[in-house]
file work.cif (mmCIF, C-alpha atoms)
data_my_file
loop_
_atom_site.group_PDB
_atom_site.id
_atom_site.type_symbol
_atom_site.label_atom_id
_atom_site.label_comp_id
_atom_site.auth_asym_id
_atom_site.auth_seq_id
_atom_site.Cartn_x
_atom_site.Cartn_y
_atom_site.Cartn_z
ATOM 1 C CA MET A 1 17.091 -5.970 19.602
ATOM 2 C CA VAL A 2 14.826 -8.620 18.060
ATOM 3 C CA LYS A 3 11.230 -7.488 17.581
ATOM 4 C CA THR A 4 8.089 -9.499 16.879
ATOM 5 C CA TYR A 5 5.719 -8.155 14.233
ATOM 6 C CA PHE A 6 2.121 -9.249 13.713
ATOM 7 C CA ILE A 7 1.447 -8.488 10.043
ATOM 8 C CA THR A 8 -2.043 -8.470 8.563
ATOM 9 C CA GLY A 9 -2.197 -8.955 4.805
ATOM 10 C CA CYS A 10 1.221 -10.593 4.928
ATOM 11 C CA ALA A 11 0.719 -12.330 1.561
ATOM 12 C CA GLY A 12 -0.112 -9.113 -0.231
ATOM 13 C CA PHE A 13 2.175 -6.798 -2.173
ATOM 14 C CA ILE A 14 3.477 -4.530 0.572
ATOM 15 C CA GLY A 15 2.886 -7.034 3.373
ATOM 16 C CA SER A 16 5.068 -9.730 1.807
ATOM 17 C CA ASN A 17 7.870 -7.236 1.223
ATOM 18 C CA PHE A 18 7.630 -6.061 4.830
ATOM 19 C CA CYS A 19 7.862 -9.709 5.987
ATOM 20 C CA ARG A 20 10.985 -10.230 3.907
ATOM 21 C CA GLU A 21 12.739 -7.190 5.347
ATOM 22 C CA ALA A 22 11.676 -7.894 8.937
ATOM 23 C CA LEU A 23 12.999 -11.444 8.714
ATOM 24 C CA LYS A 24 16.161 -10.294 6.963
ATOM 25 C CA LEU A 25 16.845 -8.034 9.941
ATOM 26 C CA GLY A 26 16.545 -11.030 12.278
ATOM 27 C CA ASN A 27 13.094 -10.257 13.644
ATOM 28 C CA LYS A 28 10.160 -12.586 14.232
ATOM 29 C CA VAL A 29 7.000 -12.401 12.145
ATOM 30 C CA ILE A 30 3.485 -13.663 12.771
ATOM 31 C CA GLY A 31 1.622 -13.239 9.499
ATOM 32 C CA VAL A 32 -2.073 -13.570 8.706
ATOM 33 C CA ASP A 33 -3.907 -13.470 5.396
ATOM 34 C CA ASN A 34 -7.114 -14.857 3.905
ATOM 35 C CA PHE A 35 -5.775 -14.828 0.316
ATOM 36 C CA SER A 36 -8.669 -12.718 -0.946
ATOM 37 C CA THR A 37 -6.115 -10.534 -2.733
ATOM 38 C CA GLY A 38 -2.810 -11.905 -1.429
ATOM 39 C CA HIS A 39 -0.953 -14.888 -2.881
ATOM 40 C CA ARG A 40 0.519 -17.888 -1.109
ATOM 41 C CA LYS A 41 3.493 -17.853 -3.484
ATOM 42 C CA PHE A 42 4.546 -14.466 -2.073
ATOM 43 C CA ILE A 43 5.236 -16.036 1.323
ATOM 44 C CA GLN A 44 6.560 -19.457 0.271
ATOM 45 C CA GLU A 45 10.156 -18.293 0.659
ATOM 46 C CA PHE A 46 9.547 -17.677 4.387
ATOM 47 C CA GLU A 47 7.887 -20.990 5.251
ATOM 48 C CA LEU A 48 11.110 -22.716 6.338
ATOM 49 C CA ASN A 49 12.242 -19.731 8.389
ATOM 50 C CA PRO A 50 11.771 -20.587 12.098
ATOM 51 C CA ASN A 51 11.086 -16.903 12.781
ATOM 52 C CA PHE A 52 8.016 -16.907 10.512
ATOM 53 C CA ASN A 53 4.629 -18.233 11.572
ATOM 54 C CA PHE A 54 1.641 -17.994 9.251
ATOM 55 C CA TYR A 55 -2.085 -18.295 9.945
ATOM 56 C CA GLU A 56 -4.728 -18.342 7.243
ATOM 57 C CA LEU A 57 -7.729 -16.580 8.705
ATOM 58 C CA ASP A 58 -10.389 -13.965 8.022
ATOM 59 C CA LEU A 59 -9.912 -10.910 10.199
ATOM 60 C CA LYS A 60 -13.603 -10.032 9.840
ATOM 61 C CA ALA A 61 -14.779 -13.162 11.617
ATOM 62 C CA ASP A 62 -12.028 -15.442 12.910
ATOM 63 C CA PRO A 63 -10.497 -15.004 16.394
ATOM 64 C CA PHE A 64 -6.934 -13.693 16.320
ATOM 65 C CA SER A 65 -6.395 -11.660 19.499
ATOM 66 C CA HIS A 66 -4.404 -14.545 21.024
ATOM 67 C CA LEU A 67 -1.810 -14.142 18.269
ATOM 68 C CA ILE A 68 -0.811 -10.630 19.329
ATOM 69 C CA LYS A 69 -0.328 -11.425 22.999
ATOM 70 C CA ASN A 70 3.478 -11.147 22.908
ATOM 71 C CA VAL A 71 4.193 -9.026 19.832
ATOM 72 C CA ASP A 72 5.909 -5.634 19.732
ATOM 73 C CA TYR A 73 4.082 -4.138 16.741
ATOM 74 C CA VAL A 74 0.845 -4.826 14.907
ATOM 75 C CA VAL A 75 1.444 -3.908 11.259
ATOM 76 C CA HIS A 76 -1.929 -3.534 9.570
ATOM 77 C CA PHE A 77 -1.659 -3.886 5.792
ATOM 78 C CA ALA A 78 -4.795 -5.973 5.143
ATOM 79 C CA ALA A 79 -7.240 -3.989 2.997
ATOM 80 C CA LEU A 80 -9.210 -3.919 -0.200
ATOM 81 C CA ALA A 81 -6.849 -1.629 -2.091
ATOM 82 C CA ASP A 82 -8.563 -1.296 -5.476
ATOM 83 C CA ILE A 83 -10.122 2.178 -5.635
ATOM 84 C CA ARG A 84 -12.383 1.225 -8.546
ATOM 85 C CA SER A 85 -13.934 -1.755 -6.728
ATOM 86 C CA GLY A 86 -15.593 0.610 -4.260
ATOM 87 C CA ILE A 87 -17.879 1.876 -7.010
ATOM 88 C CA ASP A 88 -19.531 -1.501 -7.549
ATOM 89 C CA ASP A 89 -19.241 -2.868 -4.021
ATOM 90 C CA PRO A 90 -18.903 -0.198 -1.318
ATOM 91 C CA SER A 91 -19.996 -2.606 1.421
ATOM 92 C CA THR A 92 -16.941 -4.798 0.877
ATOM 93 C CA SER A 93 -14.667 -1.748 1.154
ATOM 94 C CA PHE A 94 -16.361 -0.912 4.452
ATOM 95 C CA ASP A 95 -16.007 -4.451 5.793
ATOM 96 C CA GLU A 96 -12.433 -5.086 4.648
ATOM 97 C CA ASN A 97 -11.051 -1.653 5.541
ATOM 98 C CA ILE A 98 -13.063 -0.115 8.391
ATOM 99 C CA LEU A 99 -14.576 -3.127 10.132
ATOM 100 C CA VAL A 100 -11.311 -5.070 10.055
ATOM 101 C CA THR A 101 -9.391 -2.056 11.386
ATOM 102 C CA HIS A 102 -11.859 -1.814 14.271
ATOM 103 C CA ARG A 103 -11.397 -5.508 15.085
ATOM 104 C CA VAL A 104 -7.615 -5.077 15.036
ATOM 105 C CA LEU A 105 -7.884 -2.105 17.397
ATOM 106 C CA GLU A 106 -10.152 -4.019 19.775
ATOM 107 C CA ALA A 107 -7.613 -6.839 19.882
ATOM 108 C CA LEU A 108 -4.873 -4.301 20.634
ATOM 109 C CA ARG A 109 -6.920 -2.620 23.345
ATOM 110 C CA ASN A 110 -7.134 -5.900 25.203
ATOM 111 C CA SER A 111 -3.523 -6.979 24.706
ATOM 112 C CA GLU A 112 -0.112 -6.071 26.054
ATOM 113 C CA CYS A 113 0.943 -4.799 22.623
ATOM 114 C CA LYS A 114 0.230 -1.074 22.325
ATOM 115 C CA LYS A 115 1.772 -0.167 18.949
ATOM 116 C CA ILE A 116 0.116 -0.220 15.541
ATOM 117 C CA VAL A 117 1.522 0.597 12.102
ATOM 118 C CA PHE A 118 -1.130 1.437 9.510
ATOM 119 C CA ALA A 119 -1.005 1.689 5.728
ATOM 120 C CA SER A 120 -3.124 4.602 4.558
ATOM 121 C CA THR A 121 -3.035 6.330 1.173
ATOM 122 C CA GLY A 122 -2.035 9.555 -0.527
ATOM 123 C CA SER A 123 -5.466 9.441 -2.160
ATOM 124 C CA VAL A 124 -6.905 11.076 0.964
ATOM 125 C CA TYR A 125 -5.572 14.360 -0.478
ATOM 126 C CA ASP A 126 -7.109 16.016 -3.517
ATOM 127 C CA SER A 127 -4.394 18.380 -4.756
ATOM 128 C CA LYS A 128 -6.465 20.715 -6.900
ATOM 129 C CA ASN A 129 -3.696 23.323 -6.746
ATOM 130 C CA LYS A 130 -1.117 20.802 -7.989
ATOM 131 C CA ILE A 131 1.310 21.325 -5.140
ATOM 132 C CA ALA A 132 2.840 18.708 -2.844
ATOM 133 C CA SER A 133 0.442 17.694 -0.075
ATOM 134 C CA LYS A 134 1.635 17.882 3.532
ATOM 135 C CA GLU A 135 0.516 15.798 6.490
ATOM 136 C CA THR A 136 -0.946 18.946 8.069
ATOM 137 C CA ASP A 137 -3.091 19.824 5.039
ATOM 138 C CA PHE A 138 -6.860 19.958 5.411
ATOM 139 C CA LEU A 139 -8.457 16.862 3.892
ATOM 140 C CA ASN A 140 -11.025 17.850 1.280
ATOM 141 C CA PRO A 141 -14.220 15.807 0.814
ATOM 142 C CA GLN A 142 -13.188 12.327 -0.284
ATOM 143 C CA THR A 143 -13.596 11.309 -3.920
ATOM 144 C CA SER A 144 -13.644 7.505 -3.492
ATOM 145 C CA ILE A 145 -15.016 4.893 -1.119
ATOM 146 C CA TYR A 146 -11.463 3.595 -0.725
ATOM 147 C CA SER A 147 -9.955 6.888 0.420
ATOM 148 C CA ALA A 148 -12.954 7.529 2.680
ATOM 149 C CA SER A 149 -12.417 4.134 4.313
ATOM 150 C CA LYS A 150 -8.776 5.030 4.950
ATOM 151 C CA VAL A 151 -9.673 8.396 6.505
ATOM 152 C CA ALA A 152 -12.222 6.653 8.716
ATOM 153 C CA SER A 153 -9.631 4.062 9.734
ATOM 154 C CA GLU A 154 -7.068 6.767 10.500
ATOM 155 C CA ALA A 155 -9.613 8.502 12.726
ATOM 156 C CA LEU A 156 -10.462 5.278 14.530
ATOM 157 C CA ILE A 157 -6.810 4.506 15.126
ATOM 158 C CA GLN A 158 -6.022 7.974 16.453
ATOM 159 C CA SER A 159 -9.059 7.935 18.744
ATOM 160 C CA TYR A 160 -8.064 4.541 20.168
ATOM 161 C CA CYS A 161 -4.522 5.788 20.718
ATOM 162 C CA ASN A 162 -5.706 8.823 22.654
ATOM 163 C CA THR A 163 -8.373 6.914 24.577
ATOM 164 C CA PHE A 164 -6.611 3.654 25.386
ATOM 165 C CA ASN A 165 -2.950 4.683 25.602
ATOM 166 C CA LEU A 166 -1.872 3.134 22.303
ATOM 167 C CA GLN A 167 0.702 4.416 19.807
ATOM 168 C CA CYS A 168 0.288 4.564 16.047
ATOM 169 C CA TRP A 169 2.376 5.189 12.963
ATOM 170 C CA ILE A 170 0.164 6.085 10.001
ATOM 171 C CA PHE A 171 1.733 6.133 6.548
ATOM 172 C CA ARG A 172 0.092 7.775 3.563
ATOM 173 C CA PHE A 173 1.600 6.184 0.454
ATOM 174 C CA VAL A 174 1.616 7.260 -3.130
ATOM 175 C CA SER A 175 1.162 4.263 -5.463
ATOM 176 C CA VAL A 176 3.819 1.660 -4.731
ATOM 177 C CA LEU A 177 5.743 -0.292 -7.400
ATOM 178 C CA GLY A 178 8.198 -3.194 -7.390
ATOM 179 C CA ARG A 179 8.459 -6.879 -6.529
ATOM 180 C CA ASN A 180 5.130 -8.675 -5.881
ATOM 181 C CA TYR A 181 3.140 -5.828 -7.455
ATOM 182 C CA ASN A 182 -0.151 -7.340 -8.589
ATOM 183 C CA HIS A 183 -2.707 -4.603 -9.183
ATOM 184 C CA GLY A 184 -2.696 -1.090 -10.559
ATOM 185 C CA HIS A 185 -2.110 0.609 -13.872
ATOM 186 C CA VAL A 186 1.249 -1.032 -14.676
ATOM 187 C CA PHE A 187 -0.306 -4.454 -14.067
ATOM 188 C CA ASP A 188 -3.329 -3.573 -16.210
ATOM 189 C CA PHE A 189 -1.211 -2.255 -19.088
ATOM 190 C CA VAL A 190 1.177 -5.229 -19.127
ATOM 191 C CA LYS A 191 -1.797 -7.611 -18.997
ATOM 192 C CA ASN A 192 -3.397 -5.798 -21.932
ATOM 193 C CA PHE A 193 -0.198 -5.891 -24.013
ATOM 194 C CA ARG A 194 0.064 -9.660 -23.505
ATOM 195 C CA LYS A 195 -3.060 -9.975 -25.656
ATOM 196 C CA SER A 196 -3.302 -6.842 -27.771
ATOM 197 C CA ASN A 197 -1.196 -4.039 -29.208
ATOM 198 C CA ILE A 198 -4.132 -1.662 -28.761
ATOM 199 C CA LEU A 199 -4.536 0.015 -25.387
ATOM 200 C CA ASN A 200 -7.714 1.839 -24.375
ATOM 201 C CA VAL A 201 -6.465 4.232 -21.719
ATOM 202 C CA LEU A 202 -8.812 5.416 -18.992
ATOM 203 C CA GLY A 203 -8.661 9.224 -19.113
ATOM 204 C CA ASN A 204 -6.563 11.491 -21.287
ATOM 205 C CA GLY A 205 -3.216 10.041 -20.212
ATOM 206 C CA LEU A 206 -2.162 13.290 -18.569
ATOM 207 C CA GLN A 207 -2.914 12.132 -15.046
ATOM 208 C CA ASN A 208 0.284 13.027 -13.236
ATOM 209 C CA LYS A 209 1.247 11.178 -10.077
ATOM 210 C CA SER A 210 4.135 10.252 -7.854
ATOM 211 C CA TYR A 211 5.124 6.640 -7.209
ATOM 212 C CA VAL A 212 7.534 4.957 -4.815
ATOM 213 C CA ASN A 213 9.447 1.694 -4.894
ATOM 214 C CA VAL A 214 8.293 -0.879 -2.349
ATOM 215 C CA ASN A 215 11.845 -1.215 -0.972
ATOM 216 C CA ASP A 216 11.994 2.525 -0.306
ATOM 217 C CA CYS A 217 8.517 2.352 1.217
ATOM 218 C CA ILE A 218 9.517 -0.421 3.628
ATOM 219 C CA SER A 219 12.759 1.314 4.590
ATOM 220 C CA ALA A 220 10.755 4.451 5.386
ATOM 221 C CA ILE A 221 8.450 2.540 7.710
ATOM 222 C CA PHE A 222 11.265 0.874 9.626
ATOM 223 C CA LEU A 223 13.092 4.190 9.955
ATOM 224 C CA ALA A 224 10.048 6.092 11.199
ATOM 225 C CA ILE A 225 8.997 3.572 13.836
ATOM 226 C CA SER A 226 12.550 3.462 15.167
ATOM 227 C CA LYS A 227 12.996 7.239 15.372
ATOM 228 C CA THR A 228 9.609 8.638 16.436
ATOM 229 C CA ASN A 229 7.681 8.012 19.621
ATOM 230 C CA GLU A 230 4.626 10.288 19.768
ATOM 231 C CA THR A 231 1.159 8.980 20.500
ATOM 232 C CA THR A 232 0.235 9.607 16.868
ATOM 233 C CA ASN A 233 2.937 9.644 14.184
ATOM 234 C CA LEU A 234 1.819 10.553 10.650
ATOM 235 C CA PHE A 235 4.044 10.387 7.570
ATOM 236 C CA ASN A 236 3.735 10.822 3.830
ATOM 237 C CA ILE A 237 5.754 8.391 1.717
ATOM 238 C CA GLY A 238 6.521 9.495 -1.821
ATOM 239 C CA LEU A 239 9.168 10.891 -4.131
ATOM 240 C CA ASN A 240 9.544 14.518 -5.144
ATOM 241 C CA GLU A 241 8.805 13.646 -8.758
ATOM 242 C CA THR A 242 5.799 12.617 -10.803
ATOM 243 C CA MET A 243 5.082 10.717 -14.000
ATOM 244 C CA THR A 244 2.139 10.956 -16.386
ATOM 245 C CA VAL A 245 0.229 7.920 -17.571
ATOM 246 C CA LYS A 246 1.551 8.576 -21.085
ATOM 247 C CA GLU A 247 5.122 8.574 -19.802
ATOM 248 C CA SER A 248 4.627 5.305 -17.928
ATOM 249 C CA ILE A 249 3.098 3.693 -21.031
ATOM 250 C CA SER A 250 6.172 4.727 -23.000
ATOM 251 C CA ILE A 251 8.482 3.038 -20.478
ATOM 252 C CA ILE A 252 6.349 -0.103 -20.371
ATOM 253 C CA ALA A 253 6.300 -0.296 -24.177
ATOM 254 C CA GLU A 254 10.067 0.157 -24.231
ATOM 255 C CA CYS A 255 10.522 -2.708 -21.754
ATOM 256 C CA LEU A 256 8.236 -4.968 -23.805
ATOM 257 C CA ASN A 257 9.775 -3.854 -27.094
ATOM 258 C CA ILE A 258 6.410 -2.929 -28.616
ATOM 259 C CA ASN A 259 4.901 0.070 -30.398
ATOM 260 C CA PRO A 260 1.284 0.127 -29.180
ATOM 261 C CA MET A 261 -1.694 1.962 -30.568
ATOM 262 C CA LEU A 262 -3.133 4.169 -27.815
ATOM 263 C CA LYS A 263 -6.722 5.342 -27.503
ATOM 264 C CA PHE A 264 -7.476 8.022 -24.909
ATOM 265 C CA GLN A 265 -10.655 9.406 -23.394
ATOM 266 C CA ASP A 266 -11.563 13.070 -23.141
ATOM 267 C CA SER A 267 -11.355 13.204 -19.358
ATOM 268 C CA ASP A 268 -8.731 14.246 -16.827
ATOM 269 C CA ARG A 269 -9.822 11.385 -14.531
ATOM 270 C CA GLY A 270 -9.524 7.727 -15.384
ATOM 271 C CA TRP A 271 -12.558 6.660 -13.350
ATOM 272 C CA ILE A 272 -14.930 7.929 -10.687
ATOM 273 C CA GLY A 273 -12.786 8.674 -7.646
ATOM 274 C CA ASP A 274 -9.525 8.953 -9.597
ATOM 275 C CA ILE A 275 -7.301 11.852 -8.547
ATOM 276 C CA PRO A 276 -5.475 13.265 -11.590
ATOM 277 C CA PHE A 277 -2.570 14.756 -9.619
ATOM 278 C CA ILE A 278 -0.831 13.226 -6.598
ATOM 279 C CA LEU A 279 2.411 14.532 -5.125
ATOM 280 C CA LEU A 280 3.259 14.232 -1.444
ATOM 281 C CA ASP A 281 5.638 16.300 0.634
ATOM 282 C CA ALA A 282 7.827 13.713 2.369
ATOM 283 C CA SER A 283 10.030 16.225 4.185
ATOM 284 C CA CYS A 284 9.098 14.775 7.596
ATOM 285 C CA LEU A 285 10.562 11.425 6.573
ATOM 286 C CA LEU A 286 13.532 13.027 4.867
ATOM 287 C CA SER A 287 14.320 14.930 8.056
ATOM 288 C CA LEU A 288 14.707 11.567 9.824
ATOM 289 C CA GLY A 289 17.342 10.526 7.299
ATOM 290 C CA TRP A 290 15.200 8.631 4.772
ATOM 291 C CA LYS A 291 17.035 8.319 1.441
ATOM 292 C CA PRO A 292 14.971 6.700 -1.316
ATOM 293 C CA LYS A 293 17.131 4.784 -3.787
ATOM 294 C CA PHE A 294 14.836 4.298 -6.778
ATOM 295 C CA SER A 295 13.484 6.784 -9.315
ATOM 296 C CA ILE A 296 9.973 6.314 -10.692
ATOM 297 C CA ARG A 297 11.390 5.180 -14.032
ATOM 298 C CA GLU A 298 13.552 2.547 -12.328
ATOM 299 C CA SER A 299 10.559 1.325 -10.354
ATOM 300 C CA VAL A 300 8.352 1.023 -13.438
ATOM 301 C CA ILE A 301 11.063 -1.001 -15.199
ATOM 302 C CA GLU A 302 11.544 -3.259 -12.165
ATOM 303 C CA THR A 303 7.784 -3.825 -11.979
ATOM 304 C CA VAL A 304 7.452 -4.739 -15.662
ATOM 305 C CA ASN A 305 10.395 -7.139 -15.362
ATOM 306 C CA PHE A 306 8.828 -8.741 -12.291
ATOM 307 C CA LEU A 307 5.499 -9.223 -14.084
ATOM 308 C CA ASN A 308 7.259 -10.740 -17.100
ATOM 309 C CA TYR A 309 8.816 -13.381 -14.821
ATOM 310 C CA GLU A 310 5.552 -14.061 -12.957
ATOM 311 C CA PRO A 311 2.925 -14.572 -15.712
ATOM 312 C CA TRP A 312 0.785 -16.710 -13.385
ATOM 313 C CA LEU A 313 -0.404 -13.497 -11.750
ATOM 314 C CA PHE A 314 -2.423 -12.598 -14.833
ATOM 315 C CA ASP A 315 -4.314 -15.885 -14.631
ATOM 316 C CA LYS A 316 -5.358 -15.068 -11.086
ATOM 317 C CA LYS A 317 -7.325 -11.980 -12.091
#
call {"tool": "encode", "arguments": {"input": "work.cif", "output": "C-alpha cells"}}
result
Amino acid sequence: MVKTYFITGCAGFIGSNFCREALKLGNKVIGVDNFSTGHRKFIQEFELNPNFNFYELDLKADPFSHLIKNVDYVVHFAALADIRSGIDDPSTSFDENILVTHRVLEALRNSECKKIVFASTGSVYDSKNKIASKETDFLNPQTSIYSASKVASEALIQSYCNTFNLQCWIFRFVSVLGRNYNHGHVFDFVKNFRKSNILNVLGNGLQNKSYVNVNDCISAIFLAISKTNETTNLFNIGLNETMTVKESISIIAECLNINPMLKFQDSDRGWIGDIPFILLDASCLLSLGWKPKFSIRESVIETVNFLNYEPWLFDKK
C-alpha cells in the first residue's frame, strides 16, 4: 500500500537517504528543509519524480501544518546534529532540536496524521561500564547539549502520544556512515588529509564506538514502523561491534593511500560532551528480523569513497 511521508530535514544525510528509499518503494514524499545543514544536491535526483514534493522553509517560523494534512507518517530528521556546536551555541541547539520538535508535534496534534518517526541518538546513554546499552536502561545525566536536547524531544513526543492519542517510533542511532555523509570524524579526517599529512586527533584515539551504515539504518526504520504498533515504540539502531578512532584512521589512510603522522591528546574524550564508549543492544530490532548488511569497516570505506567523489562538500564547511 502506498504511503505518504512528510520528511523534515529531507536534504540532510539521513533524510535524503530515507527519501530515496521511500520513493524507491513507490511511496509519496513531501520533504522540507531550510538548507542550514542539508544540501540541495542531495535531493536533486528526486526533483523529476512526481511522487516527490519539496518545500524550502524554516520549521522554527514558517507555517507548515497544511503540508501534513493527508500524510501517513511525519518523519522528523531535522536537527542540529553536531555535538560540539552545542558548547559554543546552546541556544541554537535548543531552537533547532527542542523548539522545532514542539512545533512539529503541535502540527500533528491538529492534523489527521497521528504517527511520528523521530531520530534520536545513542549519545543519550553514557556506558561507563562498557556494556551494550538497552532501551530500558536508566539514562544518566547528559554530557552534551545535543544529547540533552534529544532526551527532551523524546519526552515531549512520548507525552504528546499519551495525551493526544498519537503514535511514535523513536530511534536511537549510533553514528551513521555512508552515502551523503557530511559531518563527523570521518569527514573531518578526510578533509584534514586533503591538506596535510599531519593529523591532530582529539583525544587519545582509543575512543571505541559502534557505527551503522545509513542503508541498514533506513531498513531498520521501515521494518520497525511496519511491524510494531504500540503508542510508544523505542529502538536502538547499531551493530554488535565497535571500532576505535585509531582503527578508523588506519582504514581511512589505507583508502587514501597515505601514511599520516598522528598526534594524540592525553584524554579519553575528544571534546566536552564526547562519550568514549558507545555500543547499543539492538536485539529488539533483530527480533523483528532486521539483518544489517554492512560491517563498520565496509561503511568507513564506502564513506571515504563517497567523500572522494564529492569534494564540493569540503568547500561548504
call {"tool": "residues_around", "arguments": {"input": "work.cif", "residues": "Cys19 in chain A", "least_positions_apart": "4", "cutoff": "7 Å", "atoms": "all atoms listed in the file", "output": "PyMOL selection string"}}
result
chain A and resi 10+15+23+29
call {"tool": "resolve_selection", "arguments": {"input": "work.cif", "expression": "the PyMOL selection byres ((chain A and resi 214-231) around 7)", "output": "list of chain:residue names"}}
result
A:Ile14, A:Phe18, A:Cys161, A:Leu166, A:Gln167, A:Cys168, A:Trp169, A:Val176, A:Leu177, A:Gly178, A:Val212, A:Asn213, A:Thr232, A:Asn233, A:Ile237, A:Trp290, A:Pro292, A:Lys293
call {"tool": "resolve_selection", "arguments": {"input": "work.cif", "expression": "the PyMOL selection byres ((chain A and resi 153) around 8)", "output": "JSON, numbers by chain"}}
result
{"A": [97, 98, 101, 102, 149, 150, 151, 152, 154, 155, 156, 157]}
call {"tool": "closest_residue", "arguments": {"input": "work.cif", "among": "A:Phe118, A:Phe6, A:Phe64, A:Tyr146", "to": "Asp274 in chain A", "atoms": "all atoms listed in the file"}}
result
A:Tyr146
call {"tool": "residues_around", "arguments": {"input": "work.cif", "residues": "Ile145 in chain A", "least_positions_apart": "3", "cutoff": "12 Å", "atoms": "all atoms listed in the file", "output": "ChimeraX atom specification"}}
result
/A:80-98,123-124,141-142,148-152,272-274
call {"tool": "resolve_selection", "arguments": {"input": "work.cif", "expression": "the PyMOL selection byres ((chain A and resi 247-251) around 9)", "output": "ChimeraX atom specification"}}
result
/A:186,189,205-206,243-246,252-256,259,297,300-301
call {"tool": "residues_around", "arguments": {"input": "work.cif", "residues": "Thr8 in chain A", "least_positions_apart": "6", "cutoff": "7 Å", "atoms": "all atoms listed in the file", "output": "PDB file with C-alpha atoms, in the frame of the given file"}}
result
ATOM      1  CA  GLY A  31       1.622 -13.239   9.499  1.00  0.00           C
ATOM      2  CA  VAL A  32      -2.073 -13.570   8.706  1.00  0.00           C
ATOM      3  CA  ASP A  33      -3.907 -13.470   5.396  1.00  0.00           C
ATOM      4  CA  VAL A  75       1.444  -3.908  11.259  1.00  0.00           C
ATOM      5  CA  HIS A  76      -1.929  -3.534   9.570  1.00  0.00           C
ATOM      6  CA  PHE A  77      -1.659  -3.886   5.792  1.00  0.00           C
ATOM      7  CA  ALA A  78      -4.795  -5.973   5.143  1.00  0.00           C
TER       8      ALA A  78
END
call {"tool": "atom_distance", "arguments": {"input": "work.cif", "atom1": "CA of Ser147 in chain A", "atom2": "CA of Thr4 in chain A"}}
result
29.4 Å
call {"tool": "closest_residue", "arguments": {"input": "work.cif", "among": "A:Val190, A:Ile275, A:Ile68, A:Leu139", "to": "Gly203 in chain A", "atoms": "all atoms listed in the file"}}
result
A:Ile275
call {"tool": "atom_distance", "arguments": {"input": "work.cif", "atom1": "CA of Thr143 in chain A", "atom2": "CA of Lys191 in chain A"}}
result
26.9 Å
call {"tool": "atom_distance", "arguments": {"input": "work.cif", "atom1": "CA of Ile30 in chain A", "atom2": "CA of Ile7 in chain A"}}
result
6.2 Å
call {"tool": "residues_around", "arguments": {"input": "work.cif", "residues": "Lys69 in chain A", "least_positions_apart": "3", "cutoff": "8 Å", "atoms": "all atoms listed in the file", "output": "compact mmCIF listing (two decimals) with C-alpha atoms, keeping the file's coordinate frame"}}
result
# COMPACT_ATOMS: atom_id res chain seq x y z
CA SER A 65 -6.40 -11.66 19.50
CA HIS A 66 -4.40 -14.54 21.02
CA SER A 111 -3.52 -6.98 24.71
CA GLU A 112 -0.11 -6.07 26.05
CA CYS A 113 0.94 -4.80 22.62
call {"tool": "closest_residue", "arguments": {"input": "work.cif", "among": "A:Phe314, A:Tyr160, A:Tyr211, A:Tyr5", "to": "Arg172 in chain A", "atoms": "only C-alpha atoms"}}
result
A:Tyr211
call {"tool": "closest_residue", "arguments": {"input": "work.cif", "among": "A:Ile131, A:Leu199, A:Ala282, A:Lys28", "to": "Asn51 in chain A", "atoms": "only C-alpha atoms"}}
result
A:Lys28
call {"tool": "decode", "arguments": {"input": "work.cif", "residues": "range 12-24 of chain A", "atoms": "N, CA and C atoms", "output": "CSV table (one decimal), in the first residue's frame"}}
result
chain,number,residue,atom,x,y,z
A,12,GLY,N,19.2,16.5,4.3
A,12,GLY,CA,20.3,16.1,5.1
A,12,GLY,C,20.8,14.7,4.8
A,13,PHE,N,21.8,14.2,5.6
A,13,PHE,CA,22.4,12.9,5.4
A,13,PHE,C,21.4,11.8,5.5
A,14,ILE,N,20.8,11.6,6.6
A,14,ILE,CA,19.8,10.5,6.8
A,14,ILE,C,18.5,10.8,6.1
A,15,GLY,N,18.1,12.1,6.1
A,15,GLY,CA,16.8,12.4,5.5
A,15,GLY,C,16.8,12.1,4.0
A,16,SER,N,17.9,12.5,3.3
A,16,SER,CA,17.9,12.3,1.8
A,16,SER,C,18.0,10.8,1.5
A,17,ASN,N,18.6,10.0,2.3
A,17,ASN,CA,18.6,8.5,2.1
A,17,ASN,C,17.3,7.9,2.4
A,18,PHE,N,16.5,8.5,3.4
A,18,PHE,CA,15.2,8.0,3.7
A,18,PHE,C,14.3,8.3,2.5
A,19,CYS,N,14.4,9.5,1.9
A,19,CYS,CA,13.6,9.9,0.7
A,19,CYS,C,13.8,8.9,-0.4
A,20,ARG,N,15.1,8.6,-0.7
A,20,ARG,CA,15.5,7.7,-1.8
A,20,ARG,C,14.8,6.4,-1.6
A,21,GLU,N,14.8,5.8,-0.4
A,21,GLU,CA,14.3,4.5,-0.2
A,21,GLU,C,12.7,4.6,-0.2
A,22,ALA,N,12.1,5.6,0.3
A,22,ALA,CA,10.7,5.7,0.3
A,22,ALA,C,10.2,5.8,-1.1
A,23,LEU,N,10.8,6.6,-1.9
A,23,LEU,CA,10.4,6.7,-3.3
A,23,LEU,C,10.7,5.5,-4.1
A,24,LYS,N,11.8,4.8,-3.8
A,24,LYS,CA,12.1,3.5,-4.5
A,24,LYS,C,11.0,2.5,-4.2
